[in-house]
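K.L.:
A single structure is presented below for examination.
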Amino acid sequence: MFPVQREVPRNLRSEAPHRDREGHNLEVGLAMDLSQNTDLDIGILIGVLIGEGHFGGDGRQPQVTLRMHTRHQALFEWIVEHFGGKLYGPYHHGGRDYYQWMARGAHLREHLMPLLNAHLRVDLDGQTFRRFSEMKERYEIE
């Protein structure tokens, strides 16, 4: 299975993205070509974001965040490989073990927003669409 992960001190957690089984950083940025993703790939991402995603920001910039249990590591690695962003964790506290994926900054604006604008629809999930729309309005992002 996977090597035992030690908890990273809170002040260092956001500094380094998660590494895959070979020790490579799981972070893909602006050089990504999202047009290579299939309709199934896009559907999986949209479905996961509808079910588990958060659309918000840190007060300065918008971000899309996905937080799930560590048992979903393979799914997180697949999302980074296909859609970019950064994967943080694993985190272990409060009886919870989880990873957190984030897309923000230029990568969110230039790559993920066009995909989300094309595929997140009010008829799929009104609550998610509302949160997505509020993020766009608050941070003046299209």
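Going by the structure tokens order, chains are called A, B, ..., each with residues numbered from 1, while ligands are numbered from 1 in the order shown.
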List the spatial neighbours of Asp58 in chain A as a PyMOL selection string - criterion: any atom at most 10 Å away, only C-alpha atoms, same-chain residues fewer than 4 positions off excluded.
P.N.:
chain A and resi 62-63+104
K.L.:
Keeping only C-alpha atoms, write those residues as a PDB file, in the first residue's frame.
P.N.:
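Wrote part01.pdb, looks like this:
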```pdb
ATOM      1  CA  PRO A  62     -11.294  33.199  -6.269  1.00  0.00           C
ATOM      2  CA  GLN A  63     -10.638  29.524  -5.754  1.00  0.00           C
ATOM      3  CA  ARG A 104      -6.931  29.458  -8.222  1.00  0.00           C
TER       4      ARG A 104
END
```
K.L.:
Could you give me, as a list in words, the residues within 12 Å of Phe129 in chain A, counting only C-alpha atoms and dropping anything in the same chain fewer than 2 positions from it?
P.N.:
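Counting only C-alpha atoms, the residues come to Ile46, Leu49, Ile50, Gly51, Gly53, His54, Phe55, Leu116, Asn117, Ala118, His119, Leu120, Arg121, Val122, Asp123, Leu124, Asp125, Gly126, Gln127, Arg131, Phe132, Ser133, Glu134, Met135 and Lys136 of chain A.
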K.L.:
Considering only C-alpha atoms, state which residue in the set A:Gly105, A:Gly84, A:Gly89, A:Pro114 is at the smallest distance from Tyr139 in chain A.
P.N.:
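Answer, going by the shortest atom-to-atom distance: A:Gly105.
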K.L.:
Kindly indicate which residue among A:Phe83, A:Trp101, A:Tyr91, A:Trp78 lies nearest to Gln36 in chain A, using only C-alpha atoms for the distances.
P.N.:
A:Phe83
K.L.:
DSSP on the backbone, then: every residue of range 42-137 of chain A marked alpha helix (DSSP H), written as an NGL selection string.
P.N.:
:A and (42-52 or 73-83 or 105-107 or 113-119 or 126-137)
K.L.:
Go ahead and save the residues from that selection, with C-alpha atoms, as a PDB file, in the first residue's frame.
P.N.:
```
ATOM      1  CA  ILE A  42     -15.187  16.579 -17.874  1.00  0.00           C
ATOM      2  CA  GLY A  43     -18.331  14.872 -16.599  1.00  0.00           C
ATOM      3  CA  ILE A  44     -16.422  13.204 -13.775  1.00  0.00           C
ATOM      4  CA  LEU A  45     -14.889  16.517 -12.683  1.00  0.00           C
ATOM      5  CA  ILE A  46     -18.206  18.382 -12.862  1.00  0.00           C
ATOM      6  CA  GLY A  47     -19.967  15.612 -10.922  1.00  0.00           C
ATOM      7  CA  VAL A  48     -17.343  15.557  -8.186  1.00  0.00           C
ATOM      8  CA  LEU A  49     -17.414  19.359  -7.904  1.00  0.00           C
ATOM      9  CA  ILE A  50     -21.220  19.382  -7.714  1.00  0.00           C
ATOM     10  CA  GLY A  51     -21.150  16.781  -4.961  1.00  0.00           C
ATOM     11  CA  GLU A  52     -18.114  17.854  -2.955  1.00  0.00           C
ATOM     12  CA  GLN A  73      -6.115   9.756  -3.325  1.00  0.00           C
ATOM     13  CA  ALA A  74      -6.251   8.153  -6.784  1.00  0.00           C
ATOM     14  CA  LEU A  75      -9.160  10.395  -7.804  1.00  0.00           C
ATOM     15  CA  PHE A  76      -7.287  13.484  -6.610  1.00  0.00           C
ATOM     16  CA  GLU A  77      -4.183  12.460  -8.554  1.00  0.00           C
ATOM     17  CA  TRP A  78      -6.340  11.917 -11.651  1.00  0.00           C
ATOM     18  CA  ILE A  79      -7.893  15.405 -11.271  1.00  0.00           C
ATOM     19  CA  VAL A  80      -4.447  17.036 -11.049  1.00  0.00           C
ATOM     20  CA  GLU A  81      -3.227  15.056 -14.048  1.00  0.00           C
ATOM     21  CA  HIS A  82      -6.263  15.962 -16.186  1.00  0.00           C
ATOM     22  CA  PHE A  83      -7.244  19.424 -14.920  1.00  0.00           C
ATOM     23  CA  GLY A 105      -5.023  32.301  -9.830  1.00  0.00           C
ATOM     24  CA  ALA A 106      -4.180  32.311 -13.518  1.00  0.00           C
ATOM     25  CA  HIS A 107      -4.821  28.573 -13.839  1.00  0.00           C
ATOM     26  CA  MET A 113     -13.286  28.849 -15.697  1.00  0.00           C
ATOM     27  CA  PRO A 114     -14.054  28.307 -19.401  1.00  0.00           C
ATOM     28  CA  LEU A 115     -14.716  24.642 -18.684  1.00  0.00           C
ATOM     29  CA  LEU A 116     -16.894  25.394 -15.642  1.00  0.00           C
ATOM     30  CA  ASN A 117     -18.800  28.117 -17.494  1.00  0.00           C
ATOM     31  CA  ALA A 118     -19.561  25.666 -20.292  1.00  0.00           C
ATOM     32  CA  HIS A 119     -20.649  22.756 -18.107  1.00  0.00           C
ATOM     33  CA  GLY A 126     -29.151  24.946  -8.527  1.00  0.00           C
ATOM     34  CA  GLN A 127     -27.214  25.284  -5.265  1.00  0.00           C
ATOM     35  CA  THR A 128     -23.846  24.614  -6.907  1.00  0.00           C
ATOM     36  CA  PHE A 129     -24.656  26.919  -9.791  1.00  0.00           C
ATOM     37  CA  ARG A 130     -25.616  29.666  -7.315  1.00  0.00           C
ATOM     38  CA  ARG A 131     -22.355  29.288  -5.362  1.00  0.00           C
ATOM     39  CA  PHE A 132     -20.359  29.310  -8.610  1.00  0.00           C
ATOM     40  CA  SER A 133     -22.207  32.437  -9.803  1.00  0.00           C
ATOM     41  CA  GLU A 134     -21.634  34.183  -6.461  1.00  0.00           C
ATOM     42  CA  MET A 135     -17.899  33.442  -6.683  1.00  0.00           C
ATOM     43  CA  LYS A 136     -17.785  34.889 -10.195  1.00  0.00           C
ATOM     44  CA  GLU A 137     -19.639  38.020  -9.124  1.00  0.00           C
TER      45      GLU A 137
END
```
K.L.:
Using CA of Gly94 in chain A and CA of His69 in chain A as the two end points, give the distance in Å to one decimal.
P.N.:
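Computed distance, CA of Gly94 in chain A to CA of His69 in chain A, equals 12.7 Å.
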K.L.:
Report the distance between CA of Ser35 in chain A and CA of Arg109 in chain A in Å, rounded to one decimal place.
P.N.:
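That distance, rounded to one decimal, is 15.3 Å.
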K.L.:
Mind giving me the straight-line distance from CA of Arg138 in chain A to CA of His111 in chain A in Å, one decimal?
P.N.:
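Those two atoms sit 19.1 Å apart.
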K.L.:
Write down as a PyMOL selection string the residues of range 52-104 of chain A whose backbone DSSP state falls under strand (DSSP E or B).
P.N.:
chain A and resi 53-57+62-69+85-93+96-104
